[in-house]
Structure formats: structure tokens, C-alpha cells
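Below is the file run-v7.cif, which contains mmCIF, C-alpha atoms.
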```
data_final
#
loop_
_atom_site.group_PDB
_atom_site.id
_atom_site.type_symbol
_atom_site.label_atom_id
_atom_site.label_comp_id
_atom_site.auth_asym_id
_atom_site.auth_seq_id
_atom_site.Cartn_x
_atom_site.Cartn_y
_atom_site.Cartn_z
ATOM 1 C CA MET A 29 0.000 0.000 0.000
ATOM 2 C CA SER A 30 1.346 3.402 -0.873
ATOM 3 C CA TRP A 31 1.644 6.289 1.563
ATOM 4 C CA ASN A 32 -1.411 8.188 0.360
ATOM 5 C CA ASN A 33 -5.002 8.410 1.511
ATOM 6 C CA ASP A 34 -6.612 6.368 -1.275
ATOM 7 C CA HIS A 35 -7.769 3.482 0.935
ATOM 8 C CA ILE A 36 -9.396 5.033 4.008
ATOM 9 C CA PRO A 37 -11.871 2.434 5.314
ATOM 10 C CA GLU A 38 -15.464 3.499 5.765
ATOM 11 C CA ILE A 39 -18.886 1.967 6.173
ATOM 12 C CA ASP A 40 -21.832 3.613 4.450
ATOM 13 C CA LEU A 41 -25.364 3.017 5.690
ATOM 14 C CA GLY A 42 -28.437 4.550 4.207
ATOM 15 C CA TYR A 43 -32.003 4.131 3.169
ATOM 16 C CA GLU A 44 -34.349 6.225 1.072
ATOM 17 C CA MET A 45 -38.106 6.103 0.898
ATOM 18 C CA ASP A 46 -39.847 7.190 -2.286
ATOM 19 C CA LYS A 47 -41.860 9.999 -0.725
ATOM 20 C CA GLN A 48 -42.895 11.380 -4.103
ATOM 21 C CA SER A 49 -44.843 8.220 -4.991
ATOM 22 C CA PHE A 50 -46.729 8.339 -1.701
ATOM 23 C CA ALA A 51 -47.533 12.020 -2.225
ATOM 24 C CA GLU A 52 -48.814 11.380 -5.750
ATOM 25 C CA LEU A 53 -50.935 8.430 -4.612
ATOM 26 C CA ALA A 54 -52.361 10.469 -1.714
ATOM 27 C CA ALA A 55 -53.196 13.343 -4.098
ATOM 28 C CA THR A 56 -54.954 10.909 -6.435
ATOM 29 C CA LEU A 57 -56.981 9.521 -3.525
ATOM 30 C CA ASP A 58 -57.955 13.050 -2.447
ATOM 31 C CA LYS A 59 -58.877 14.096 -5.995
ATOM 32 C CA ASN A 60 -61.044 11.040 -6.633
ATOM 33 C CA GLY A 61 -63.123 11.311 -3.470
ATOM 34 C CA PHE A 62 -61.759 8.528 -1.277
ATOM 35 C CA GLY A 63 -62.542 10.424 1.905
ATOM 36 C CA ASP A 64 -59.600 10.881 4.229
ATOM 37 C CA ALA A 65 -57.578 8.017 2.670
ATOM 38 C CA GLY A 66 -55.075 10.487 1.196
ATOM 39 C CA THR A 67 -54.491 12.090 4.585
ATOM 40 C CA GLN A 68 -54.113 8.696 6.229
ATOM 41 C CA LEU A 69 -51.593 7.615 3.595
ATOM 42 C CA ARG A 70 -49.580 10.810 4.086
ATOM 43 C CA ASN A 71 -49.555 10.279 7.868
ATOM 44 C CA MET A 72 -48.540 6.623 7.560
ATOM 45 C CA ALA A 73 -45.772 7.481 5.089
ATOM 46 C CA ALA A 74 -44.464 10.195 7.407
ATOM 47 C CA ASP A 75 -44.554 7.807 10.368
ATOM 48 C CA ALA A 76 -42.767 5.118 8.327
ATOM 49 C CA ASP A 77 -40.085 7.654 7.362
ATOM 50 C CA ILE A 78 -39.512 8.492 11.042
ATOM 51 C CA GLN A 79 -39.346 4.799 11.949
ATOM 52 C CA VAL A 80 -36.839 4.116 9.137
ATOM 53 C CA GLY A 81 -34.700 6.994 10.364
ATOM 54 C CA ARG A 82 -34.656 5.492 13.842
ATOM 55 C CA ALA A 83 -33.735 2.054 12.456
ATOM 56 C CA VAL A 84 -30.857 3.498 10.405
ATOM 57 C CA ASN A 85 -29.596 5.509 13.391
ATOM 58 C CA SER A 86 -29.763 2.426 15.615
ATOM 59 C CA GLU A 87 -27.787 0.373 13.098
ATOM 60 C CA ALA A 88 -25.201 3.157 12.758
ATOM 61 C CA ASN A 89 -24.754 3.150 16.540
ATOM 62 C CA ASP A 90 -24.282 -0.644 16.446
ATOM 63 C CA VAL A 91 -21.660 -0.255 13.699
ATOM 64 C CA ILE A 92 -19.727 2.394 15.623
ATOM 65 C CA LYS A 93 -19.764 0.267 18.772
ATOM 66 C CA GLU A 94 -18.575 -2.823 16.882
ATOM 67 C CA VAL A 95 -15.795 -0.942 15.047
ATOM 68 C CA THR A 96 -14.497 0.744 18.192
ATOM 69 C CA ASP A 97 -14.682 -2.495 20.202
ATOM 70 C CA LEU A 98 -12.683 -4.324 17.521
ATOM 71 C CA ILE A 99 -10.103 -1.528 17.358
ATOM 72 C CA LYS A 100 -9.661 -1.613 21.149
ATOM 73 C CA GLU A 101 -9.408 -5.400 21.119
ATOM 74 C CA ARG A 102 -6.844 -5.437 18.305
ATOM 75 C CA GLN A 103 -4.632 -2.489 19.180
ATOM 76 C CA TYR A 104 -0.945 -2.935 18.647
ATOM 77 C CA HIS A 105 0.848 -4.488 21.603
ATOM 78 C CA SER A 106 4.570 -3.942 21.542
ATOM 79 C CA LYS A 107 6.884 -6.624 22.921
ATOM 80 C CA SER A 108 9.132 -3.854 24.218
ATOM 81 C CA GLY A 109 6.627 -2.777 26.868
ATOM 82 C CA TYR A 110 5.327 0.231 24.998
ATOM 83 C CA GLY A 111 1.804 -1.163 24.776
ATOM 84 C CA PRO A 112 -1.486 0.475 25.791
ATOM 85 C CA GLY A 113 -1.270 2.152 29.175
ATOM 86 C CA SER A 114 2.434 2.958 28.959
ATOM 87 C CA PRO A 115 3.383 6.651 28.858
ATOM 88 C CA ALA A 116 5.138 6.247 25.503
ATOM 89 C CA PHE A 117 2.140 4.580 23.915
ATOM 90 C CA ASP A 118 -0.265 7.165 25.306
ATOM 91 C CA ARG A 119 1.636 9.868 23.412
ATOM 92 C CA LYS A 120 1.349 8.010 20.098
ATOM 93 C CA VAL A 121 -1.367 8.974 17.658
ATOM 94 C CA ASN A 122 -1.256 5.871 15.456
ATOM 95 C CA ASN A 123 -3.396 3.418 17.456
ATOM 96 C CA GLN A 124 -4.167 4.767 20.905
ATOM 97 C CA HIS A 125 -6.346 7.553 19.613
ATOM 98 C CA LEU A 126 -7.829 5.637 16.683
ATOM 99 C CA VAL A 127 -10.981 4.850 18.672
ATOM 100 C CA ASP A 128 -11.454 8.522 19.519
ATOM 101 C CA THR A 129 -11.321 9.483 15.848
ATOM 102 C CA VAL A 130 -14.077 7.173 14.596
ATOM 103 C CA LYS A 131 -16.624 9.559 13.092
ATOM 104 C CA ASP A 132 -20.206 9.256 11.929
ATOM 105 C CA HIS A 133 -21.022 11.771 9.203
ATOM 106 C CA HIS A 134 -24.827 11.815 9.374
ATOM 107 C CA ASP A 135 -27.019 13.289 6.643
ATOM 108 C CA ASP A 136 -30.745 12.496 6.783
ATOM 109 C CA ASN A 137 -31.023 8.681 6.535
ATOM 110 C CA LYS A 138 -27.396 8.247 5.455
ATOM 111 C CA HIS A 139 -24.378 7.578 7.646
ATOM 112 C CA ARG A 140 -20.718 7.497 6.607
ATOM 113 C CA ILE A 141 -18.621 5.910 9.358
ATOM 114 C CA PHE A 142 -14.841 6.319 9.163
ATOM 115 C CA SER A 143 -11.775 7.257 11.180
ATOM 116 C CA ASN A 144 -9.724 10.365 10.563
ATOM 117 C CA VAL A 145 -6.599 9.723 12.654
ATOM 118 C CA THR A 146 -3.743 11.417 10.828
ATOM 119 C CA ASN A 147 -0.073 12.055 11.299
ATOM 120 C CA GLY A 148 1.709 14.288 8.842
ATOM 121 C CA GLY A 149 -1.339 14.192 6.576
ATOM 122 C CA TYR A 150 -1.408 10.371 6.351
ATOM 123 C CA ASN A 151 -4.565 8.644 7.613
ATOM 124 C CA TYR A 152 -3.407 5.742 9.798
ATOM 125 C CA SER A 153 -6.803 4.040 9.899
ATOM 126 C CA GLN A 154 -6.045 2.543 6.484
ATOM 127 C CA ALA A 155 -2.794 1.050 7.803
ATOM 128 C CA PHE A 156 -4.656 -0.421 10.779
ATOM 129 C CA GLU A 157 -7.357 -1.811 8.474
ATOM 130 C CA PHE A 158 -5.249 -3.173 5.620
ATOM 131 C CA GLY A 159 -1.717 -3.358 7.037
ATOM 132 C CA LEU A 160 1.449 -2.092 5.430
ATOM 133 C CA LEU A 161 3.396 -5.022 4.077
ATOM 134 C CA THR A 162 6.472 -2.912 3.391
ATOM 135 C CA ARG A 163 6.553 -1.728 7.021
ATOM 136 C CA ASP A 164 5.698 -5.089 8.637
ATOM 137 C CA TYR A 165 2.506 -3.573 10.046
ATOM 138 C CA PRO A 166 -0.171 -6.231 10.683
ATOM 139 C CA ALA A 167 -3.665 -5.849 9.246
ATOM 140 C CA HIS A 168 -6.457 -5.863 11.827
ATOM 141 C CA HIS A 169 -9.578 -5.363 9.631
ATOM 142 C CA PRO A 170 -11.988 -3.779 12.183
ATOM 143 C CA PHE A 171 -14.173 -2.159 9.509
ATOM 144 C CA GLU A 172 -14.319 -5.233 7.273
ATOM 145 C CA ASP A 173 -15.026 -7.545 10.201
ATOM 146 C CA THR A 174 -17.781 -5.229 11.449
ATOM 147 C CA VAL A 175 -19.486 -5.473 8.074
ATOM 148 C CA HIS A 176 -19.349 -9.272 8.273
ATOM 149 C CA HIS A 177 -20.317 -9.519 11.973
ATOM 150 C CA LEU A 178 -23.398 -7.324 11.522
ATOM 151 C CA GLY A 179 -24.396 -8.890 8.197
ATOM 152 C CA LEU A 180 -24.122 -5.636 6.257
ATOM 153 C CA ASN A 181 -22.504 -7.461 3.341
ATOM 154 C CA LYS A 182 -25.657 -9.498 2.665
ATOM 155 C CA LEU A 183 -28.302 -8.417 0.195
ATOM 156 C CA HIS A 184 -31.111 -9.136 2.657
ATOM 157 C CA GLY A 185 -29.388 -8.974 6.025
ATOM 158 C CA GLU A 186 -30.413 -7.836 9.471
ATOM 159 C CA PHE A 187 -30.204 -4.167 8.489
ATOM 160 C CA ASP A 188 -32.785 -4.699 5.732
ATOM 161 C CA ASP A 189 -34.972 -6.616 8.175
ATOM 162 C CA LYS A 190 -34.811 -3.713 10.656
ATOM 163 C CA VAL A 191 -35.767 -1.209 7.947
ATOM 164 C CA ASN A 192 -38.607 -3.400 6.666
ATOM 165 C CA GLU A 193 -39.930 -3.794 10.209
ATOM 166 C CA ALA A 194 -39.752 -0.010 10.658
ATOM 167 C CA ILE A 195 -41.783 0.488 7.485
ATOM 168 C CA ARG A 196 -44.345 -2.076 8.678
ATOM 169 C CA ARG A 197 -44.654 -0.243 12.005
ATOM 170 C CA GLY A 198 -45.128 3.033 10.163
ATOM 171 C CA PHE A 199 -47.976 1.668 8.050
ATOM 172 C CA SER A 200 -49.750 -0.220 10.823
#
```

Write the structure described by the file as C-alpha cells, please.
Amino acid sequence: MSWNNDHIPEIDLGYEMDKQSFAELAATLDKNGFGDAGTQLRNMAADADIQVGRAVNSEANDVIKEVTDLIKERQYHSKSGYGPGSPAFDRKVNNQHLVDTVKDHHDDNKHRIFSNVTNGGYNYSQAFEFGLLTRDYPAHHPFEDTVHHLGLNKLHGEFDDKVNEAIRRGFS
């Protein structure tokens, strides 16, 4: 791996509801005299959107917890006694503060989870994730393993089930 920032690990979560289709259907119901069916549909769609937002936020929190737990569990332990808890290690930015730099960039129902630990402009989270073979730096894969542990790599995994359940609750 080269010493650039081309491979910063991140996990993207998101879900979009087609609000326009619900609005058009509700307008059609209102226009064709179906009583308050249009209003009910609008309310149910709004409630479903809120429930989906909660489900996505909950999953993002689970992802952040899993990533940070894996980083803590897999932090570098030096044979020379400069491991976590030692004064020398506490001054290092590479691993000790990696957990503190895990960020969740949240925009509506979309989350981008990444780490921005840098030293001299180089993002060390990619070295922790993928390893640096030329520097004998072991790969720890916290982001990749989180994706597998939480089933985010599956087409119809637990995240999809949570979102579908949220939509069902919104329309019930």
C-alpha cells in the first residue's frame, strides 16, 4: 500500500423512501373522493419515514460500537513494553487515539462511518485496516469484520430486516 489516503476504510449506511410516490398516490386519492384516505396515507408514510430513520440511526450506533470495540481489542501491543497504558504509547497517535477518531457523518437517513486519525497528513486508519506489508505492520480489519459480523454485506441482512420492520410499524 502506498503512503497516500486512497484506501481510508469506511462503512456507508443509508435508506431512502420514495416519498414522491406516496404524495402522488395520496393526491390521487384526495382528488377522486376517497374520503380521508389520502391524509391517512400521508400520515402513515411520514410515520414510516420516522421509523426508518430510527432504524438506520440504531444500526449506525451498532456499527460504531462494533468498530471501536474491535479496534480496542486489536490495538498494537509492543513486545518492548510500549503497549497500551504505557506513557510512551499514550503519546502516540497511530493506534491509541484511533478509537477517539471514529466519526459518523450523518445526513438524513445516510451515515458514513470512518476514522480520521492522521499524522503528517497520512490517515493511519487505512494502515490499521489493511496493514502495510512494506513496514511489517499487521492488518487488523476492524471495519471489514464489522461489516461481516453485523451482516451488512448481505443483500437481505439484518439491516434490511430492521428497515422493513420499521416500514411495517409506520404503516400499521

(message) Considering only C-alpha atoms, can you say which of A:His176, A:Asn192, A:Asp77, A:Asn181 comes closest to A:Asp46?
(response) A:Asp77

(message) Ranking A:Asp128, A:Asp136, A:Asp188, A:Glu52 by minimum distance to A:Asn85 and counting all atoms listed in the file, which one comes first?
(response) A:Asp136

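Excluding A:Met72 and any residue on its chain fewer than 3 positions from it, the residues at most 12 Å away by all atoms listed in the file are Lys47, Phe50, Ala51, Ala54, Ala65, Gly66, Thr67, Gln68, Leu69, Asp75, Ala76, Asp77, Ile78, Gln79, Ala194, Ile195, Arg196, Arg197, Gly198, Phe199 and Ser200 of chain A.
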
(request) Could you state which residues are captured by the PyMOL selection byres ((chain A and resi 141-149) around 7) in this file, as a VMD selection string? (result) chain A and resid 37 to 40 126 129 to 133 139 to 140 150 to 153

(request) Would you work out the distance separating atom CA of A:Arg102 from atom CA of A:Ile36, expressed in Å to one decimal? (result) 17.9 Å

Give me the residues within 10 Å of A:Leu178 as a compact mmCIF listing (two decimals) with C-alpha atoms, in the coordinates of the input, counting all atoms listed in the file and dropping any in the same chain fewer than 5 places off.
```
# COMPACT_ATOMS: atom_id res chain seq x y z
CA GLU A 87 -27.79 0.37 13.10
CA ASP A 90 -24.28 -0.64 16.45
CA VAL A 91 -21.66 -0.26 13.70
CA GLU A 94 -18.58 -2.82 16.88
CA ASP A 173 -15.03 -7.54 10.20
CA GLY A 185 -29.39 -8.97 6.02
CA GLU A 186 -30.41 -7.84 9.47
CA PHE A 187 -30.20 -4.17 8.49
```

(message) I need the output of the PyMOL selection byres ((chain A and resi 84) around 8) for this file as a PyMOL selection string; which residues are they?
(response) chain A and resi 41-43+80-83+85-88+137-138+187+191

Convert the current residue selection to file output with C-alpha atoms, as a PDB file, in the coordinates of the input.
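File result_5.pdb, as written:
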```
ATOM      1  CA  LEU A  41     -25.364   3.017   5.690  1.00  0.00           C
ATOM      2  CA  GLY A  42     -28.437   4.550   4.207  1.00  0.00           C
ATOM      3  CA  TYR A  43     -32.003   4.131   3.169  1.00  0.00           C
ATOM      4  CA  VAL A  80     -36.839   4.116   9.137  1.00  0.00           C
ATOM      5  CA  GLY A  81     -34.700   6.994  10.364  1.00  0.00           C
ATOM      6  CA  ARG A  82     -34.656   5.492  13.842  1.00  0.00           C
ATOM      7  CA  ALA A  83     -33.735   2.054  12.456  1.00  0.00           C
ATOM      8  CA  ASN A  85     -29.596   5.509  13.391  1.00  0.00           C
ATOM      9  CA  SER A  86     -29.763   2.426  15.615  1.00  0.00           C
ATOM     10  CA  GLU A  87     -27.787   0.373  13.098  1.00  0.00           C
ATOM     11  CA  ALA A  88     -25.201   3.157  12.758  1.00  0.00           C
ATOM     12  CA  ASN A 137     -31.023   8.681   6.535  1.00  0.00           C
ATOM     13  CA  LYS A 138     -27.396   8.247   5.455  1.00  0.00           C
ATOM     14  CA  PHE A 187     -30.204  -4.167   8.489  1.00  0.00           C
ATOM     15  CA  VAL A 191     -35.767  -1.209   7.947  1.00  0.00           C
TER      16      VAL A 191
END
```

Edge lengths and centre in Å to one decimal, as JSON, is what I'm after for the box along x, y and z that holds all listed atoms of stretch 56-74 of chain A once 8 Å is added on each side.
```
{"center_x": -53.8, "center_y": 10.4, "center_z": 0.6, "size_x": 34.7, "size_y": 23.5, "size_z": 30.5}
```

(request) Could you check how far atom CA of A:Gln154 sits from atom CA of A:Lys182, in Å to one decimal? (result) 23.3 Å

(message) Just the number, please: distance in Å from atom CA of A:Asp189 to atom CA of A:Ala55, one decimal.
(response) 29.7 Å

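Among the candidates A:Gly61, A:Asn32, A:Ala73, A:Asp135, the one nearest to A:Met45 when counting only C-alpha atoms is A:Ala73.
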
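Ranking A:Phe156, A:Ser49, A:Gly63, A:His134 by their shortest atom-to-atom distance to A:His169, with all atoms listed in the file included, puts A:Phe156 first.
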
(request) Name the closest residue to A:Ala167 among the candidates A:Lys100, A:Gln48, A:Ala155, A:Lys93; distances are taken between atoms, counting all atoms listed in the file. (result) A:Ala155

Taking N, CA, C and O atoms as the atom set, what does stretch 39-59 of chain A look like once completed, written as a PDB file, keeping the file's coordinate frame?
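Listing of result.pdb after writing:
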```
ATOM      1  N   ILE A  39     -17.658   2.745   6.310  1.00  0.00           N
ATOM      2  CA  ILE A  39     -18.886   1.967   6.173  1.00  0.00           C
ATOM      3  C   ILE A  39     -20.008   2.959   5.910  1.00  0.00           C
ATOM      4  O   ILE A  39     -20.194   3.909   6.668  1.00  0.00           O
ATOM      5  N   ASP A  40     -20.719   2.747   4.821  1.00  0.00           N
ATOM      6  CA  ASP A  40     -21.832   3.613   4.450  1.00  0.00           C
ATOM      7  C   ASP A  40     -23.143   2.884   4.698  1.00  0.00           C
ATOM      8  O   ASP A  40     -23.335   1.764   4.224  1.00  0.00           O
ATOM      9  N   LEU A  41     -24.011   3.538   5.443  1.00  0.00           N
ATOM     10  CA  LEU A  41     -25.364   3.017   5.690  1.00  0.00           C
ATOM     11  C   LEU A  41     -26.361   4.052   5.187  1.00  0.00           C
ATOM     12  O   LEU A  41     -26.139   5.248   5.338  1.00  0.00           O
ATOM     13  N   GLY A  42     -27.438   3.590   4.638  1.00  0.00           N
ATOM     14  CA  GLY A  42     -28.437   4.550   4.207  1.00  0.00           C
ATOM     15  C   GLY A  42     -29.681   3.867   3.701  1.00  0.00           C
ATOM     16  O   GLY A  42     -29.673   2.685   3.352  1.00  0.00           O
ATOM     17  N   TYR A  43     -30.748   4.627   3.671  1.00  0.00           N
ATOM     18  CA  TYR A  43     -32.003   4.131   3.169  1.00  0.00           C
ATOM     19  C   TYR A  43     -32.837   5.315   2.721  1.00  0.00           C
ATOM     20  O   TYR A  43     -32.882   6.333   3.391  1.00  0.00           O
ATOM     21  N   GLU A  44     -33.482   5.163   1.571  1.00  0.00           N
ATOM     22  CA  GLU A  44     -34.349   6.225   1.072  1.00  0.00           C
ATOM     23  C   GLU A  44     -35.733   5.679   0.820  1.00  0.00           C
ATOM     24  O   GLU A  44     -35.880   4.591   0.278  1.00  0.00           O
ATOM     25  N   MET A  45     -36.718   6.450   1.218  1.00  0.00           N
ATOM     26  CA  MET A  45     -38.106   6.103   0.898  1.00  0.00           C
ATOM     27  C   MET A  45     -38.544   6.991  -0.257  1.00  0.00           C
ATOM     28  O   MET A  45     -38.172   8.153  -0.325  1.00  0.00           O
ATOM     29  N   ASP A  46     -39.345   6.446  -1.136  1.00  0.00           N
ATOM     30  CA  ASP A  46     -39.847   7.190  -2.286  1.00  0.00           C
ATOM     31  C   ASP A  46     -41.062   8.017  -1.847  1.00  0.00           C
ATOM     32  O   ASP A  46     -42.214   7.603  -2.036  1.00  0.00           O
ATOM     33  N   LYS A  47     -40.785   9.154  -1.255  1.00  0.00           N
ATOM     34  CA  LYS A  47     -41.860   9.999  -0.725  1.00  0.00           C
ATOM     35  C   LYS A  47     -42.734  10.577  -1.833  1.00  0.00           C
ATOM     36  O   LYS A  47     -43.925  10.806  -1.628  1.00  0.00           O
ATOM     37  N   GLN A  48     -42.151  10.799  -2.989  1.00  0.00           N
ATOM     38  CA  GLN A  48     -42.895  11.380  -4.103  1.00  0.00           C
ATOM     39  C   GLN A  48     -44.045  10.465  -4.543  1.00  0.00           C
ATOM     40  O   GLN A  48     -45.150  10.927  -4.811  1.00  0.00           O
ATOM     41  N   SER A  49     -43.786   9.163  -4.588  1.00  0.00           N
ATOM     42  CA  SER A  49     -44.843   8.220  -4.991  1.00  0.00           C
ATOM     43  C   SER A  49     -45.997   8.223  -4.003  1.00  0.00           C
ATOM     44  O   SER A  49     -47.171   8.180  -4.402  1.00  0.00           O
ATOM     45  N   PHE A  50     -45.664   8.282  -2.712  1.00  0.00           N
ATOM     46  CA  PHE A  50     -46.729   8.339  -1.701  1.00  0.00           C
ATOM     47  C   PHE A  50     -47.530   9.630  -1.833  1.00  0.00           C
ATOM     48  O   PHE A  50     -48.757   9.623  -1.697  1.00  0.00           O
ATOM     49  N   ALA A  51     -46.840  10.734  -2.080  1.00  0.00           N
ATOM     50  CA  ALA A  51     -47.533  12.020  -2.225  1.00  0.00           C
ATOM     51  C   ALA A  51     -48.447  12.005  -3.438  1.00  0.00           C
ATOM     52  O   ALA A  51     -49.587  12.502  -3.373  1.00  0.00           O
ATOM     53  N   GLU A  52     -47.983  11.443  -4.549  1.00  0.00           N
ATOM     54  CA  GLU A  52     -48.814  11.380  -5.750  1.00  0.00           C
ATOM     55  C   GLU A  52     -50.035  10.480  -5.534  1.00  0.00           C
ATOM     56  O   GLU A  52     -51.146  10.809  -5.961  1.00  0.00           O
ATOM     57  N   LEU A  53     -49.821   9.341  -4.893  1.00  0.00           N
ATOM     58  CA  LEU A  53     -50.935   8.430  -4.612  1.00  0.00           C
ATOM     59  C   LEU A  53     -51.945   9.089  -3.674  1.00  0.00           C
ATOM     60  O   LEU A  53     -53.167   8.993  -3.890  1.00  0.00           O
ATOM     61  N   ALA A  54     -51.458   9.781  -2.649  1.00  0.00           N
ATOM     62  CA  ALA A  54     -52.361  10.469  -1.714  1.00  0.00           C
ATOM     63  C   ALA A  54     -53.150  11.565  -2.433  1.00  0.00           C
ATOM     64  O   ALA A  54     -54.353  11.730  -2.196  1.00  0.00           O
ATOM     65  N   ALA A  55     -52.498  12.295  -3.339  1.00  0.00           N
ATOM     66  CA  ALA A  55     -53.196  13.343  -4.098  1.00  0.00           C
ATOM     67  C   ALA A  55     -54.265  12.735  -4.996  1.00  0.00           C
ATOM     68  O   ALA A  55     -55.368  13.293  -5.137  1.00  0.00           O
ATOM     69  N   THR A  56     -53.967  11.597  -5.598  1.00  0.00           N
ATOM     70  CA  THR A  56     -54.954  10.909  -6.435  1.00  0.00           C
ATOM     71  C   THR A  56     -56.158  10.464  -5.604  1.00  0.00           C
ATOM     72  O   THR A  56     -57.309  10.596  -6.037  1.00  0.00           O
ATOM     73  N   LEU A  57     -55.889   9.934  -4.411  1.00  0.00           N
ATOM     74  CA  LEU A  57     -56.981   9.521  -3.525  1.00  0.00           C
ATOM     75  C   LEU A  57     -57.844  10.714  -3.132  1.00  0.00           C
ATOM     76  O   LEU A  57     -59.081  10.627  -3.120  1.00  0.00           O
ATOM     77  N   ASP A  58     -57.205  11.845  -2.811  1.00  0.00           N
ATOM     78  CA  ASP A  58     -57.955  13.050  -2.447  1.00  0.00           C
ATOM     79  C   ASP A  58     -58.796  13.544  -3.621  1.00  0.00           C
ATOM     80  O   ASP A  58     -59.967  13.907  -3.451  1.00  0.00           O
ATOM     81  N   LYS A  59     -58.203  13.565  -4.807  1.00  0.00           N
ATOM     82  CA  LYS A  59     -58.877  14.096  -5.995  1.00  0.00           C
ATOM     83  C   LYS A  59     -60.065  13.242  -6.419  1.00  0.00           C
ATOM     84  O   LYS A  59     -61.067  13.765  -6.924  1.00  0.00           O
TER      85      LYS A  59
END
```
